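Below is my_file_10.txt, holding compact mmCIF, C-alpha atoms and all ligand atoms.
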```
# COMPACT_ATOMS: atom_id res chain seq x y z
CA MET A 5 -25.93 6.07 102.42
CA LYS A 6 -23.07 4.37 104.27
CA LYS A 7 -19.54 4.75 102.95
CA HIS A 8 -18.01 1.47 101.77
CA ILE A 9 -14.61 0.77 103.31
CA ASN A 10 -12.41 -2.18 102.50
CA ILE A 11 -9.75 -3.32 104.95
CA PRO A 12 -7.22 -4.87 102.56
CA ILE A 13 -5.04 -7.76 103.62
CA PHE A 14 -2.45 -8.71 101.05
CA VAL A 15 -1.93 -12.47 100.95
CA PRO A 16 0.90 -13.26 98.58
CA HIS A 17 0.42 -16.64 97.04
CA LEU A 18 3.98 -17.72 97.47
CA GLY A 19 5.30 -20.32 95.13
CA CYS A 20 2.26 -20.00 92.86
CA PRO A 21 2.48 -22.91 90.42
CA ASN A 22 1.20 -20.74 87.61
CA ASP A 23 3.20 -18.54 85.36
CA CYS A 24 0.90 -15.85 83.99
CA SER A 25 2.69 -13.58 81.53
CA PHE A 26 1.89 -10.35 83.37
CA CYS A 27 2.54 -11.45 86.97
CA ASN A 28 5.77 -11.21 88.91
CA GLN A 29 4.75 -13.56 91.73
CA LYS A 30 6.90 -16.29 90.25
CA LYS A 31 10.08 -14.61 91.44
CA ILE A 32 8.93 -15.40 94.98
CA THR A 33 9.86 -18.86 96.18
CA GLY A 34 8.55 -21.12 98.89
CA VAL A 35 5.10 -22.39 99.70
CA GLY A 36 2.35 -20.81 101.79
CA THR A 37 1.85 -17.32 103.04
CA THR A 38 3.65 -15.19 105.56
CA VAL A 39 0.42 -13.61 106.78
CA THR A 40 -0.84 -15.11 110.06
CA ALA A 41 -4.09 -14.91 112.04
CA SER A 42 -2.55 -12.40 114.44
CA ASP A 43 -1.48 -10.24 111.47
CA VAL A 44 -5.11 -10.24 110.30
CA GLU A 45 -6.29 -9.31 113.79
CA ASN A 46 -3.76 -6.48 114.10
CA ILE A 47 -4.41 -5.07 110.62
CA VAL A 48 -8.18 -5.09 111.13
CA LYS A 49 -7.99 -3.59 114.64
CA SER A 50 -5.71 -0.78 113.50
CA HIS A 51 -8.06 0.06 110.61
CA LEU A 52 -11.18 -0.10 112.78
CA ALA A 53 -9.59 2.36 115.20
CA THR A 54 -9.55 4.99 112.44
CA ILE A 55 -12.98 4.28 110.89
CA ASN A 56 -16.32 5.77 111.86
CA THR A 57 -18.06 2.42 112.12
CA ASP A 58 -21.55 3.93 112.39
CA SER A 59 -21.40 5.63 109.00
CA SER A 60 -19.40 2.92 107.20
CA GLU A 61 -20.04 -0.42 105.61
CA ILE A 62 -16.82 -2.31 106.30
CA GLU A 63 -15.43 -5.39 104.60
CA ILE A 64 -12.20 -7.31 105.06
CA GLY A 65 -10.63 -8.11 101.66
CA PHE A 66 -7.98 -10.77 101.13
CA PHE A 67 -6.18 -9.78 97.94
CA GLY A 68 -3.07 -10.76 96.03
CA GLY A 69 -2.26 -14.14 94.56
CA SER A 70 -5.03 -16.71 94.73
CA PHE A 71 -6.49 -17.11 98.19
CA THR A 72 -8.02 -20.53 97.61
CA GLY A 73 -4.71 -21.83 96.25
CA ILE A 74 -2.99 -21.61 99.63
CA GLU A 75 -3.03 -24.55 102.04
CA ALA A 76 -6.51 -25.30 103.43
CA ASN A 77 -5.36 -24.95 107.06
CA GLN A 78 -3.85 -21.52 106.30
CA GLN A 79 -7.06 -20.42 104.62
CA GLU A 80 -8.97 -21.50 107.73
CA GLU A 81 -6.53 -19.71 110.03
CA LEU A 82 -6.89 -16.40 108.15
CA LEU A 83 -10.62 -16.70 107.59
CA GLY A 84 -11.13 -17.65 111.24
CA ALA A 85 -9.43 -14.43 112.34
CA ALA A 86 -11.62 -12.37 109.98
CA TYR A 87 -14.78 -14.26 110.95
CA LYS A 88 -14.43 -13.18 114.61
CA PHE A 89 -14.94 -9.56 113.50
CA LEU A 90 -17.92 -10.56 111.36
CA GLU A 91 -19.53 -12.49 114.23
CA LYS A 92 -19.21 -9.49 116.53
CA GLY A 93 -20.75 -7.22 113.91
CA LYS A 94 -17.57 -5.14 113.62
CA ILE A 95 -17.50 -5.70 109.86
CA GLY A 96 -20.21 -6.45 107.32
CA GLY A 97 -18.45 -8.88 105.03
CA ILE A 98 -15.36 -10.77 103.92
CA ARG A 99 -14.21 -10.79 100.30
CA LEU A 100 -11.29 -12.48 98.58
CA SER A 101 -9.83 -12.93 95.13
CA THR A 102 -8.84 -16.16 93.44
CA ARG A 103 -8.47 -17.99 90.12
CA PRO A 104 -11.50 -19.51 88.33
CA ASP A 105 -9.92 -22.99 88.43
CA TYR A 106 -9.36 -22.80 92.20
CA ILE A 107 -13.08 -23.04 92.96
CA ASP A 108 -14.93 -26.24 93.76
CA GLU A 109 -17.61 -27.48 96.18
CA THR A 110 -15.13 -28.25 98.99
CA ILE A 111 -13.59 -24.80 98.75
CA LEU A 112 -16.96 -23.07 98.65
CA LYS A 113 -18.24 -25.00 101.68
CA ARG A 114 -15.17 -23.80 103.60
CA LEU A 115 -15.61 -20.18 102.49
CA LYS A 116 -19.31 -20.25 103.29
CA LYS A 117 -18.57 -21.65 106.78
CA PHE A 118 -16.34 -18.65 107.49
CA GLY A 119 -18.88 -16.14 106.26
CA VAL A 120 -17.21 -15.11 102.99
CA THR A 121 -19.62 -12.73 101.27
CA THR A 122 -17.90 -12.06 97.90
CA ILE A 123 -15.45 -13.99 95.74
CA GLU A 124 -13.68 -12.09 92.99
CA LEU A 125 -12.47 -14.26 90.13
CA GLY A 126 -9.42 -13.30 88.09
CA VAL A 127 -11.26 -13.77 84.81
CA GLN A 128 -8.89 -11.55 82.79
CA SER A 129 -10.34 -12.66 79.42
CA MET A 130 -13.12 -14.92 78.15
CA GLU A 131 -11.13 -15.70 74.99
CA ASP A 132 -9.28 -19.00 75.29
CA SER A 133 -6.64 -17.87 72.79
CA VAL A 134 -5.81 -14.85 75.00
CA LEU A 135 -5.76 -16.98 78.16
CA LYS A 136 -3.47 -19.50 76.49
CA LYS A 137 -1.10 -16.91 75.07
CA ASN A 138 -0.75 -15.38 78.51
CA MET A 139 -0.23 -18.73 80.22
CA ARG A 140 -3.17 -18.37 82.53
CA GLY A 141 -3.56 -22.14 82.84
CA HIS A 142 -7.37 -22.02 82.82
CA THR A 143 -10.06 -21.61 80.21
CA ALA A 144 -13.18 -19.49 79.80
CA LYS A 145 -15.19 -22.63 80.66
CA ASP A 146 -13.52 -22.66 84.10
CA THR A 147 -14.78 -19.11 84.64
CA ILE A 148 -18.30 -20.08 83.59
CA LEU A 149 -18.39 -23.10 85.92
CA ALA A 150 -16.80 -21.24 88.86
CA SER A 151 -19.17 -18.28 88.46
CA GLN A 152 -22.23 -20.56 88.37
CA LEU A 153 -21.03 -22.51 91.38
CA ILE A 154 -20.33 -19.36 93.42
CA LYS A 155 -23.80 -18.05 92.67
CA SER A 156 -25.37 -21.39 93.61
CA TYR A 157 -23.78 -20.94 97.07
CA ASN A 158 -25.38 -17.53 97.32
CA ILE A 159 -21.99 -15.82 97.61
CA GLY A 160 -21.44 -12.48 95.84
CA LEU A 161 -19.56 -12.80 92.56
CA GLY A 162 -16.90 -10.40 91.32
CA HIS A 163 -15.10 -10.47 87.96
CA GLN A 164 -11.67 -8.97 87.40
CA LEU A 165 -11.15 -8.18 83.71
CA MET A 166 -7.94 -7.17 81.96
CA LEU A 167 -7.58 -5.07 78.82
CA GLY A 168 -4.73 -5.09 76.33
CA LEU A 169 -3.16 -8.46 77.10
CA PRO A 170 -1.13 -9.97 74.24
CA GLY A 171 -3.66 -11.33 71.73
CA ASP A 172 -6.47 -9.16 73.10
CA THR A 173 -8.14 -6.51 70.94
CA LYS A 174 -10.92 -4.02 71.52
CA GLU A 175 -13.32 -6.55 69.96
CA THR A 176 -12.21 -9.45 72.17
CA ALA A 177 -12.27 -7.20 75.24
CA ILE A 178 -15.88 -6.26 74.46
CA LYS A 179 -16.75 -9.94 73.87
CA THR A 180 -15.18 -10.72 77.26
CA ALA A 181 -17.31 -8.06 78.93
CA LYS A 182 -20.47 -9.42 77.27
CA LYS A 183 -19.68 -13.00 78.32
CA SER A 184 -18.92 -11.79 81.84
CA ILE A 185 -22.30 -10.00 81.96
CA GLU A 186 -24.05 -13.26 80.99
CA LEU A 187 -22.68 -14.74 84.22
CA LYS A 188 -24.31 -11.93 86.22
CA PRO A 189 -21.45 -10.77 88.43
CA ASP A 190 -22.41 -8.41 91.25
CA CYS A 191 -19.27 -6.35 90.79
CA ALA A 192 -16.27 -6.00 88.51
CA ARG A 193 -12.83 -4.45 88.30
CA ILE A 194 -11.21 -3.46 85.03
CA TYR A 195 -7.44 -3.47 84.76
CA PRO A 196 -5.55 -2.27 81.70
CA THR A 197 -2.46 -4.45 81.32
CA LEU A 198 0.74 -2.95 82.67
CA VAL A 199 4.20 -4.30 81.94
CA ILE A 200 5.63 -5.20 85.33
CA ARG A 201 9.34 -5.84 85.78
CA ASP A 202 10.55 -9.45 86.05
CA THR A 203 7.66 -10.87 84.05
CA MET A 204 7.36 -12.72 80.78
CA LEU A 205 5.45 -9.72 79.48
CA ALA A 206 8.45 -7.51 80.25
CA ARG A 207 10.62 -9.80 78.13
CA TRP A 208 8.10 -9.69 75.27
CA TYR A 209 7.96 -5.91 75.58
CA GLU A 210 11.75 -5.57 75.58
CA SER A 211 12.07 -7.85 72.55
CA GLY A 212 9.50 -5.74 70.71
CA SER A 213 6.93 -8.53 70.39
CA TYR A 214 4.41 -6.85 72.72
CA LEU A 215 3.19 -3.30 72.58
CA PRO A 216 1.04 -2.18 75.51
CA LEU A 217 -2.09 -0.08 75.02
CA THR A 218 -1.56 3.66 75.00
CA LEU A 219 -3.26 5.52 77.84
CA LYS A 220 -5.76 6.96 75.35
CA ASP A 221 -6.68 3.54 73.94
CA ALA A 222 -6.90 2.01 77.41
CA VAL A 223 -9.26 4.79 78.55
CA ASN A 224 -11.42 4.34 75.44
CA GLN A 225 -11.64 0.55 75.76
CA CYS A 226 -12.37 0.82 79.44
CA LYS A 227 -15.10 3.37 78.75
CA GLU A 228 -16.89 1.00 76.35
CA ILE A 229 -16.69 -1.85 78.83
CA LEU A 230 -17.77 0.30 81.75
CA LYS A 231 -20.86 1.38 79.79
CA LEU A 232 -21.79 -2.25 79.04
CA LEU A 233 -21.30 -3.33 82.65
CA ARG A 234 -23.29 -0.40 84.01
CA GLN A 235 -26.14 -1.02 81.58
CA ALA A 236 -26.26 -4.56 82.99
CA ASP A 237 -26.27 -3.22 86.58
CA VAL A 238 -22.82 -4.58 87.38
CA ASN A 239 -21.17 -2.43 90.02
CA VAL A 240 -17.72 -1.48 88.71
CA ILE A 241 -15.68 -1.00 91.86
CA ARG A 242 -12.29 -0.24 90.36
CA MET A 243 -10.68 0.78 87.09
CA GLY A 244 -6.90 0.67 86.87
CA LEU A 245 -4.35 -0.22 89.47
CA LEU A 246 -3.66 1.94 92.48
CA SER A 247 -0.14 2.17 93.86
CA SER A 248 -1.57 0.53 96.97
CA ASP A 249 -2.30 -2.65 94.97
CA ASN A 250 1.11 -3.90 96.04
CA ILE A 251 2.64 -2.24 93.01
CA ASN A 252 4.99 0.68 93.13
CA PRO A 253 4.37 2.40 89.78
CA ASP A 254 7.75 4.11 89.72
CA ALA A 255 9.77 1.02 90.53
CA ASP A 256 7.67 -1.83 89.17
CA VAL A 257 5.92 -0.59 86.03
CA LEU A 258 8.14 -0.79 82.98
CA ALA A 259 5.51 0.34 80.46
CA GLY A 260 1.79 0.51 79.83
CA PRO A 261 -1.16 2.81 80.48
CA TYR A 262 -0.58 3.54 84.17
CA HIS A 263 -2.25 6.67 85.53
CA PRO A 264 -2.83 7.38 89.23
CA SER A 265 -6.41 8.49 88.45
CA PHE A 266 -7.21 6.09 85.65
CA GLY A 267 -10.83 5.62 86.73
CA GLU A 268 -11.37 9.37 86.82
CA LEU A 269 -10.05 9.65 83.24
CA VAL A 270 -12.59 7.05 82.12
CA GLU A 271 -15.47 8.79 83.92
CA SER A 272 -14.43 12.13 82.37
CA GLU A 273 -14.45 10.56 78.92
CA ILE A 274 -18.01 9.32 79.45
CA VAL A 275 -19.06 12.84 80.49
CA TYR A 276 -17.28 14.26 77.42
CA ASP A 277 -19.26 11.98 75.07
CA ALA A 278 -22.53 12.93 76.73
CA LEU A 279 -21.70 16.67 76.57
CA CYS A 280 -20.85 16.35 72.86
CA GLU A 281 -24.29 14.87 72.21
CA GLN A 282 -25.96 17.76 74.03
CA ILE A 283 -23.86 20.55 72.56
CA GLU A 284 -23.96 19.41 68.94
CA LYS A 285 -27.69 20.13 68.92
CA THR A 286 -27.19 23.87 69.40
CA ASP A 287 -25.78 26.68 67.28
CA GLU A 288 -25.07 28.93 70.29
CA LYS A 289 -21.45 29.80 70.94
CA ILE A 290 -21.53 30.29 74.71
CA ILE A 291 -22.48 27.40 76.94
CA GLU A 292 -23.16 27.39 80.67
CA ILE A 293 -22.87 24.11 82.55
CA SER A 294 -24.22 23.83 86.10
CA VAL A 295 -22.67 21.02 88.07
CA ASN A 296 -22.33 19.81 91.64
CA PRO A 297 -19.04 21.15 93.10
CA ARG A 298 -17.94 17.58 93.82
CA PHE A 299 -18.30 16.64 90.15
CA VAL A 300 -16.51 19.61 88.61
CA SER A 301 -13.14 17.91 88.20
CA THR A 302 -14.71 14.89 86.46
CA LEU A 303 -16.73 17.12 84.17
CA VAL A 304 -13.93 19.46 83.13
CA GLY A 305 -11.48 16.55 82.86
CA CYS A 306 -7.82 16.23 83.73
CA LYS A 307 -6.10 19.59 83.04
CA LYS A 308 -9.49 20.86 81.77
CA GLU A 309 -9.09 18.62 78.75
CA ASN A 310 -12.86 18.22 78.23
CA ILE A 311 -13.41 21.98 78.15
CA LYS A 312 -10.56 22.51 75.67
CA ARG A 313 -11.80 19.73 73.38
CA LEU A 314 -15.42 20.90 73.49
CA LYS A 315 -14.40 24.46 72.59
CA GLU A 316 -12.29 23.25 69.69
CA THR A 317 -14.75 20.65 68.39
CA PHE A 318 -17.77 22.96 68.46
CA ASN A 319 -15.94 26.22 67.86
CA LEU A 320 -17.34 27.67 71.10
CA CYS A 321 -16.42 31.12 72.40
CA ASP A 322 -16.78 30.18 76.06
CA ILE A 323 -17.91 27.47 78.45
CA LYS A 324 -18.94 28.79 81.87
CA ILE A 325 -18.93 26.32 84.75
CA VAL A 326 -21.43 27.13 87.51
CA GLN A 327 -21.05 25.19 90.74
CA ASP A 328 -24.49 24.34 92.09
CA GLU A 329 -25.07 22.14 95.15
CA SER A 330 -28.63 21.46 94.00
CA VAL A 331 -27.44 19.51 90.94
CA LYS A 332 -27.30 15.80 91.72
CA LEU A 333 -23.81 14.34 91.87
CA GLY A 334 -22.95 12.87 88.48
CA ASN A 335 -25.48 15.06 86.65
CA TRP A 336 -25.22 18.50 85.06
CA ARG A 337 -27.41 21.07 83.30
CA VAL A 338 -26.43 22.66 80.02
CA LYS A 339 -27.73 26.13 79.09
CA CYS A 340 -26.95 27.66 75.72
CA ILE A 341 -26.53 31.44 75.93
S1 LIG A 401 -1.65 -13.90 88.33
FE1 LIG A 401 -2.20 -15.23 90.06
S2 LIG A 401 -2.24 -17.26 89.16
FE2 LIG A 401 -1.06 -16.00 87.74
S3 LIG A 401 1.08 -16.25 88.38
FE3 LIG A 401 0.27 -14.46 89.45
S4 LIG A 401 -0.42 -15.23 91.43
FE4 LIG A 401 -0.18 -16.99 90.09
```

Rewritten as structure tokens:
Amino acid sequence: MKKHINIPIFVPHLGCPNDCSFCNQKKITGVGTTVTASDVENIVKSHLATINTDSSEIEIGFFGGSFTGIEANQQEELLGAAYKFLEKGKIGGIRLSTRPDYIDETILKRLKKFGVTTIELGVQSMEDSVLKKNMRGHTAKDTILASQLIKSYNIGLGHQLMLGLPGDTKETAIKTAKKSIELKPDCARIYPTLVIRDTMLARWYESGSYLPLTLKDAVNQCKEILKLLRQADVNVIRMGLLSSDNINPDADVLAGPYHPSFGELVESEIVYDALCEQIEKTDEKIIEISVNPRFVSTLVGCKKENIKRLKETFNLCDIKIVQDESVKLGNWRVKCI
């Protein structure tokens, strides 16, 4: 199977007219983007020089801000530069992120012309009260219409979902995931809300009117949503922000459930639940778990947390981990001794 590689191009949506509670783009002034066609060309060429193109499936991704909110001629300039690589077969696709209310037939015709393969919508929530409270400036209906329109153009659909926004609860987050699934996205990203400096959310946090999710709650909510999305065959391509997402966690994140390996924590929690189900059926006190070497860290958890909890919960004397290449990645075998 080919390795998927994204060549990210950050396109700040300068002077964004919106004012979402969690976003600090509003401190940037001016209109348009500073990224040019030659920047795109240079960024892509420098990435391609370091990638084994034979064993990789490569996409160019325009992220940050709302791509389809920038001037049409700038969109065409940037897409044109990316399209040259697509035409020559140097990359396999072009993806971009935008707001649900920045999608219409004219926009989609333009994106289709330049070979855009996936559009990721910043859905955030499917609850209008949450969207309103966080000043998103669009409704759940906009997401429904945009998703349907994107699919009618035969362009891949991505949904970006947030957890823990003001007004959001575990129940509304699960409802959001279920409504997202009804729209049949091909892929999704799940982002627990972080309090970023210079945002409205930071002011709410400092005044005590907003309390972010704890890391534990964020992991648990994300786990439930991940399970729902996976059951519906939605490919979850990211959980949690990376420091490369144009955010410097040390400097920019004031509070919230940031963890450099957030996705790994969620995967470990899913493994923990599954192991509990297997182990509670036995009275034995020594357990042996065979696992692929590449899955050991997910199985044992961060700082071996899963092993410690399993021992405590089931009063086990020992858990032996056996590394076995023959066990399929993501699977394991439990033997009670
Ligand atoms: S999240 Fe997007 S739409 Fe909202 S303020 Fe930031 S750039 Fe604008």

### Query
How far is it from CA of Ile283 (chain A) to CA of Gln327 (chain A), in Å with one decimal?
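Here the two named atoms are 19.0 Å from each other.
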
Please, which residues have at least one atom within 7 Å of an atom of ligand LIG 401 (chain A), using all atoms listed in the file, listed as a PDB file with C-alpha atoms, keeping the file's coordinate frame?
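out-v4.pdb, freshly written:
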```pdb
ATOM      1  CA  HIS A  17       0.420 -16.640  97.040  1.00  0.00           C
ATOM      2  CA  CYS A  20       2.260 -20.000  92.860  1.00  0.00           C
ATOM      3  CA  PRO A  21       2.480 -22.910  90.420  1.00  0.00           C
ATOM      4  CA  ASN A  22       1.200 -20.740  87.610  1.00  0.00           C
ATOM      5  CA  ASP A  23       3.200 -18.540  85.360  1.00  0.00           C
ATOM      6  CA  CYS A  24       0.900 -15.850  83.990  1.00  0.00           C
ATOM      7  CA  CYS A  27       2.540 -11.450  86.970  1.00  0.00           C
ATOM      8  CA  ASN A  28       5.770 -11.210  88.910  1.00  0.00           C
ATOM      9  CA  GLN A  29       4.750 -13.560  91.730  1.00  0.00           C
ATOM     10  CA  LYS A  30       6.900 -16.290  90.250  1.00  0.00           C
ATOM     11  CA  GLY A  68      -3.070 -10.760  96.030  1.00  0.00           C
ATOM     12  CA  GLY A  69      -2.260 -14.140  94.560  1.00  0.00           C
ATOM     13  CA  SER A  70      -5.030 -16.710  94.730  1.00  0.00           C
ATOM     14  CA  ARG A 103      -8.470 -17.990  90.120  1.00  0.00           C
ATOM     15  CA  ARG A 140      -3.170 -18.370  82.530  1.00  0.00           C
TER      16      ARG A 140
END
```

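CA of Phe118 (chain A) lies 17.0 Å from CA of Val15 (chain A).
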
### Message
Would you compute the distance between CA of Ser211 (chain A) and CA of Asn224 (chain A)? Give it in Å to one decimal.
### Response
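Pair CA of Ser211 (chain A) / CA of Asn224 (chain A) returns 26.6 Å.
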
### Message
Using all atoms listed in the file, which protein or nucleic acid residues come within 8 Å of Tyr214 (chain A)? Drop anything in the same chain fewer than 5 positions from it, and give the result as a VMD selection string.
### Response
chain A and resid 170 205 208 to 209

### Message
Counting all atoms listed in the file, which residue out of A:Glu91, A:Glu81, A:Glu268, A:Asp287 sits closest to Leu303 (chain A)?
### Response
A:Glu268

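Residues in contact range of Val240 (chain A), defined as at most 8 Å between all atoms listed in the file, with sequence neighbours fewer than 5 positions away removed, read Cys191, Ala192, Arg193, Ile194, Leu230, Leu233 and Arg234 of chain A.
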
### Query
Of the candidates A:Phe26, A:Lys94, A:Lys145, A:Thr72, which one gets nearest to Lys49 (chain A) if we count all atoms listed in the file?
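Once distances to Lys49 (chain A) are computed over all atoms listed in the file, the minimum belongs to A:Lys94.
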
### Task
Would you be able to write out as a list in words which residues have an atom within 7 Å of (2.2, -2.5, 81.0) in the file's coordinates, counting all atoms listed in the file?
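So the residues meeting the distance criterion are Thr197, Leu198, Val199, Ile200, Pro216, Val257, Leu258, Ala259, Gly260 and Pro261 of chain A.
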
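Comparing A:Thr218, A:Thr176, A:Ser184, A:Asn310 by their smallest distance to Ala150 (chain A), the closest is A:Ser184 (using all atoms listed in the file).
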
### Query
Got a sec to check which residues sit within 10 Å of (-21.5, -18.5, 85.9), counting all atoms listed in the file, and write them as number ranges by chain?
A: 145-156, 161, 183-189

### Message
Neighbouring residues of Thr121 (chain A) were defined as those with any atom within 6 Å, considering all atoms listed in the file; residues of the same chain fewer than 3 positions away were excluded. Please report them as number ranges by chain.
### Response
A: 97-99, 159-160

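For the set A:Thr110, A:Ile11, A:Ala177, A:Cys340, the residue with the smallest atom-to-atom gap to Leu232 (chain A) is A:Ala177, counting all atoms listed in the file.
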
Padding 5 Å on each side, edges along x, y and z: where is the centre of the box around the listed atoms of region 270-288 of chain A, and how long are its edges in Å to one decimal? Output it as AutoDock Vina command-line options.
```
--center_x -20.1 --center_y 18.0 --center_z 75.6 --size_x 25.1 --size_y 31.9 --size_z 26.6
```
